[in-house]
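All remarks here apply to the structure that follows.
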Amino acid sequence: ARQVLVDERSTRVQAQQDALLAASQDGPGTVDAIARLSNVAAAAEANGPGITVTIDDAPNAEEGSLNRVLDRDLQDIVNHLWRSGATGIAVNNKRLTGTSAIRGAGEAILVNYQPVTRPYVVTALGAVDEAREGSGLQALLAQLTEDYGLVTDARTGDVALPVGEVRAPRFASTAPEAVPDATA
């Protein structure tokens with residue numbers, strides 16, 4: 001219930017900001033720039049033509065076998081889509097940002113430090129050429145199928161990406177040390 005309230009209030013604030021910017025002298029150009037930057041930072045929902053890649057374990061794959069999707073498989077797919085021109089990516093509806101991570105924790109795969117379940121769905125805005133036969137993505141998916149029996153599928157169409165989770169960066173710091181007395 002609280003998340004719904006936060007979402008409603010965020011939408012109202014965004015609408016008021018947009019109205020103020022549109023009324024300002026530099027309005028239209030500023031609104032466009034903010035929209036582009038919001039997409040890059042995953043601070044706003046994004047939609048448009050894209051590609052959806054679904055990957056799942058091999059049929060009858062046993063726990064601990066190589067016939068299961070691993071974090072590195074998702075990393076390879078995501079990295080390939082970024083290199084192919086994707087402007088935004090989500091894994092199982094978790095939007096990736098500059099501070100996102102795809103990691104393994106035992107048998108689980110974590111995206112943004114939260115577990116995701118199979119089948120894994122990678123949604124990318126843009127990079128639609130990667131769905132065609134003979135593309136680099138198709139070669140990667142074919143290799144995963146051939147080597148490990150993973151079940152893969154890539155389709156183009158309109159996609160929608162949610163707002164990303166923005167995490168505040170944390171930096172290590174040292175405790176202040178006592179400065180030695182130079183007169184001693």
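FYI, nothing fancy with the structure tokens labels: chains A, B, ... in order, residues from 1 per chain, ligands from 1 as they appear.
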
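The environment of Leu125 (chain A) within 9 Å, counting only C-alpha atoms and disregarding residues fewer than 3 places along the same chain, consists of A:Ala46, A:Asn47, A:Gly48, A:Pro49, A:Gly50, A:Ile51, A:Thr52, A:Gly85, A:Ala86, A:Thr87, A:Gly88, A:Ile89, A:Ala90, A:Val128, A:Asp158, A:Val159, A:Ala160, A:Leu161.
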
request  = Would you mind writing down, as a ChimeraX atom specification, each residue of region 3-163 of chain A that DSSP on the backbone assigns to alpha helix (DSSP H)?
outcome  = /A:3-23,27-40,71-83,136-148

note = From the list A:Arg118, A:Arg103, A:Arg83, A:Arg36, the nearest residue to Ala58 (chain A) using only C-alpha atoms is A:Arg118

request  = Per DSSP on the backbone, filter region 13-151 of chain A down to the residues in strand (DSSP E) and report them as a VMD selection string.
outcome  = chain A and resid 46 to 56 88 to 91 94 to 95 102 to 105 108 to 111 114 to 116 120 to 125 151

inquiry  = Restricting the calculation to only C-alpha atoms: of A:Asp57, A:Glu146, A:Asp71, A:Asp153, which residue gets closest to Val116 (chain A)?
reply    =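 Using only C-alpha atoms, Val116 (chain A) sits closest to A:Asp71.
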
query = For Gly164 (chain A), which residue among A:Gly64, A:Gln14, A:Val91, A:Thr30 is the nearest when counting only C-alpha atoms?
reply = A:Val91

request  = Find the distance between CA of Gly149 (chain A) and CA of Asp129 (chain A) and write it in Å to one decimal.
outcome  = 24.4 Å

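Between CA of Thr117 (chain A) and CA of Ser84 (chain A) the separation is 25.5 Å.
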
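The residue that comes closest to Leu81 (chain A), out of A:Gln16, A:Gly104, A:Thr123, A:Ala139 and on the basis of only C-alpha atoms, is A:Thr123.
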
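One distance worth recording is that between CA of Leu96 (chain A) and CA of Asp18 (chain A), which is 24.7 Å.
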
inquiry  = From the options A:Lys94, A:Arg68, A:Arg9, A:His80, which residue's atoms come nearest to Gln114 (chain A), counting only C-alpha atoms?
reply    = A:Lys94

ask   = Pick the closest to Glu130 (chain A) from A:Ala19, A:Ile77, A:Val13, A:Val6: which is it, counting only C-alpha atoms?
value =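 Checking each of A:Ala19, A:Ile77, A:Val13, A:Val6 against Glu130 (chain A), counting only C-alpha atoms, the winner is A:Ile77.
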